[in-house]
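**Q** Quick one: this structure, given as structure tokens, is what I'll be asking you about.
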Amino acid sequence: MPRSGNYSERKRNKMKEQLAKIKEEALAAFRAAEDAAALDELRVKYLGKKGELTGVLKMMGRLSPQERPVMGQLANDVRAALEKALEESSRKLEAAALELRLKAEAVDVTVPGESVSIGHQHPMNIALDELKDIFIGMGFTVMDGPEVELAELNFDRLNAEEGHPSRDWSDTFYFDTDSRVMLRSQTSPMQVRAMDTMPLPIRIVAPGRVYRKDEVDATHSPMFHQVEGLVIDRGVTMADLKGALNAVAEKLFGEGTQTRFRPHHFPFTEPSCEMDVQCYKCGGAGCPTCKGEGWIELLGAGMVHPRVLEMSGIDPEVYSGWAFGFGLERLALRRFKIDDLRLIFENDVRFLEQF
Ligand code: DAH
């Protein structure tokens, strides 16, 4: 017994020493750890399954039953102390890392910002929006339609029959050899589309692209924009046409703007006319803006031809209407004092920035 007693006592003392040494070493190491990864390695080293503390605990079996709980308690105290120190170190490292990140990511809110340049509308859209506003204010609805159109709607239903000069291949972009599908050459087929789909009375404007086989120059382009207008109701007369279009001219060019209506011919209106406005620059005396004429041509118009109404199933004895169509480019060029149509379509930012 004394022998084994001595043996056990030596073991016990040895274990105590080991525990104390582990504790001291571990605490120092935890405090010195430089980052979370290093700290984790130390955790495994001292507290892991194969760690130093576990190694000592494994030797508990060699102690006498009376000594085991005492040593067990001691070992648990060491474990608790290590865990607490580990946690403290970990919190300190985290705080330090956060501090570093905040410093690195600091934003100096007093540095002046970079200015962002925001684009704006194309002059054509500005002109179109002004026009839409005028017509919407007069009770018109804005209508949109296809640029690829049936020749039937672009010509036949507008009373321009087979053989009409505007149907010629040299003027029109057809898709097929029998000339049935085409790029619309005017927005006027929108009149037919309105009559075919809308309940009466009708009051629409239809802006959009149109296409003709024209060479590009300062005043021509194979693609340009028109705005079509159509009014159909009971008892509509030429006086309504003139009154409404005079009001539009005043809104566009200022109160008191003088207009004149000249007889003309369009297949889908009868009578037909062209409307001019007195030159807003020279007041009619003649100047470069009006090319010495005193008047500027604005649009084509007329009373909807009874046959056009009939083809759309509208009784010309009960209903009548007036229509107009004009080129939007001309209006925009005048509005912004641009002298070459090509500038409108080249999309050179140096030009567009000016509006
Ligand atoms: N579509 C005609 C053109 O392109 C313009 C036009 C004239 C439209 C008279 C109309 C109108 O609605 O009544 O030249």
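Just so we're on the same page: first chain in the structure tokens is A, next is B, and so on; residues restart at 1 for each chain, and ligands are numbered from 1 in the order they show up.
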Write out as JSON, numbers by chain which residues come within 9 Å of Ser312 in chain A when counting only C-alpha atoms, dropping same-chain ones fewer than 2 positions away.
**A** {"A": [157, 192, 195, 196, 307, 308, 309, 310, 314, 315]}
**Q** Restricting the output to C-alpha atoms, write the selected residues as a short mmCIF file (atom, residue, chain, number, x, y, z; two decimals), in the first residue's frame.
**A**
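So selection16.cif came out as:
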```cif
data_model
loop_
_atom_site.label_atom_id
_atom_site.label_comp_id
_atom_site.auth_asym_id
_atom_site.auth_seq_id
_atom_site.Cartn_x
_atom_site.Cartn_y
_atom_site.Cartn_z
CA ARG A 157 -58.60 52.18 -98.86
CA VAL A 192 -58.25 53.52 -92.03
CA MET A 195 -62.08 53.88 -88.69
CA ASP A 196 -61.82 50.07 -88.69
CA ARG A 307 -65.64 56.92 -100.74
CA VAL A 308 -63.02 56.55 -98.00
CA LEU A 309 -65.80 56.71 -95.39
CA GLU A 310 -67.87 54.17 -97.36
CA ILE A 314 -69.28 54.71 -92.41
CA ASP A 315 -72.35 56.32 -93.99
#
```
**Q** Show me which residues sit within 6 Å of ligand 1 when counting only C-alpha atoms and all ligand atoms, and put them as a PyMOL selection string.
**A** chain A and resi 186+188+228+266+269+300-302+323-326
**Q** Pull the strand (DSSP E or B) assignments for range 155-233 of chain A out of DSSP run on the backbone, and list those residues as a ChimeraX atom specification.
**A** /A:174,181-183,202-211,223-233
**Q** So which residues of range 80-306 of chain A fall under helix (DSSP H, G or I) by DSSP, listed as number ranges by chain?
**A** A: 80-104, 123-137, 151-154, 156-158, 165-167, 189-197, 238-253, 288-290, 306
**Q** Considering only C-alpha atoms, state which residue in the set A:Ala218, A:Met223, A:Ala249, A:Leu102 is at the smallest distance from Asp339 in chain A.
**A** A:Ala218
**Q** Can you tell me which residues surround Phe224 in chain A at a distance of at most 7 Å, considering only C-alpha atoms, apart from same-chain residues fewer than 3 positions away, and format the answer as a PyMOL selection string?
**A** chain A and resi 209-211+221+329
**Q** Within 7 Å of range 138-150 of chain A, counting only C-alpha atoms, which residues show up once you throw out same-chain ones fewer than 6 positions away? Write them as a count of residues only, please.
**A** 13
**Q** For CA of Arg31 in chain A and CA of Ala85 in chain A, quote the distance in Å rounded to one decimal.
**A**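 Computed distance, CA of Arg31 in chain A to CA of Ala85 in chain A, equals 8.0 Å.
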**Q** So, with only C-alpha atoms as the atoms that count, which of A:Val216, A:Val227, A:Ala28, A:Met238 lies closest to Gln191 in chain A?
**A**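 Smallest distance to Gln191 in chain A is found for A:Val227.
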**Q** With only C-alpha atoms as the basis for distance, which of A:Leu93, A:Val349, A:Leu200, A:Ala127 is at the shortest distance from Arg334 in chain A?
**A**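 Comparing A:Leu93, A:Val349, A:Leu200, A:Ala127 against Arg334 in chain A, the winner is A:Ala127.
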**Q** My list of candidates is A:Ser64, A:Tyr7, A:Leu57, A:Lys92. Which is closest to Glu34 in chain A when distances are computed with only C-alpha atoms?
**A**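 Ranked by minimum distance to Glu34 in chain A, first place goes to A:Lys92.
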**Q** Excluding Pro263 in chain A and residues on its chain fewer than 2 positions from it, collect all residues at most 8 Å away from it, counting only C-alpha atoms, and give them as a list of chain:residue names.
**A** A:Phe261, A:His265, A:Pro271, A:Ser272, A:Cys273, A:Glu274
**Q** Filtering to N, CA, C and O atoms, could you give me those residues as an mmCIF file, in the first residue's frame?
**A**
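Below you can see selection34.cif, which holds the result:
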```
data_model
loop_
_atom_site.group_PDB
_atom_site.id
_atom_site.type_symbol
_atom_site.label_atom_id
_atom_site.label_comp_id
_atom_site.auth_asym_id
_atom_site.auth_seq_id
_atom_site.Cartn_x
_atom_site.Cartn_y
_atom_site.Cartn_z
ATOM 1 N N PHE A 261 -55.254 78.979 -96.573
ATOM 2 C CA PHE A 261 -55.553 77.648 -97.090
ATOM 3 C C PHE A 261 -55.577 77.721 -98.615
ATOM 4 O O PHE A 261 -56.316 78.509 -99.184
ATOM 5 N N HIS A 265 -54.607 68.796 -104.129
ATOM 6 C CA HIS A 265 -55.273 67.521 -104.395
ATOM 7 C C HIS A 265 -54.648 66.384 -103.596
ATOM 8 O O HIS A 265 -53.435 66.203 -103.608
ATOM 9 N N PRO A 271 -63.130 68.548 -100.444
ATOM 10 C CA PRO A 271 -61.969 69.172 -101.075
ATOM 11 C C PRO A 271 -60.681 68.976 -100.270
ATOM 12 O O PRO A 271 -60.723 68.655 -99.091
ATOM 13 N N SER A 272 -59.556 69.208 -100.945
ATOM 14 C CA SER A 272 -58.239 69.115 -100.302
ATOM 15 C C SER A 272 -57.598 70.496 -100.272
ATOM 16 O O SER A 272 -57.901 71.345 -101.121
ATOM 17 N N CYS A 273 -56.702 70.679 -99.317
ATOM 18 C CA CYS A 273 -56.012 71.977 -99.256
ATOM 19 C C CYS A 273 -54.626 71.821 -98.630
ATOM 20 O O CYS A 273 -54.307 70.764 -98.081
ATOM 21 N N GLU A 274 -53.845 72.861 -98.758
ATOM 22 C CA GLU A 274 -52.607 72.951 -97.982
ATOM 23 C C GLU A 274 -52.706 74.196 -97.131
ATOM 24 O O GLU A 274 -53.283 75.197 -97.551
#
```
**Q** Could you check how far CA of Met71 in chain A sits from CA of Glu88 in chain A, in Å to one decimal?
**A**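 Calculated distance between CA of Met71 in chain A and CA of Glu88 in chain A is 25.7 Å.
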**Q** Closest to Asn246 in chain A among A:Ile202, A:Leu298, A:Ala106, A:Leu128, using only C-alpha atoms?
**A**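 Nearest to Asn246 in chain A: A:Leu298.
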**Q** Taking only C-alpha atoms into account, which of A:Phe268, A:Phe175, A:Phe135, A:Tyr319 comes nearest Val248 in chain A?
**A** A:Phe135
**Q** Report, in Å with one decimal, the straight-line distance from CA of Val277 in chain A to CA of Thr237 in chain A.
**A**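 Calculated distance between CA of Val277 in chain A and CA of Thr237 in chain A is 21.0 Å.
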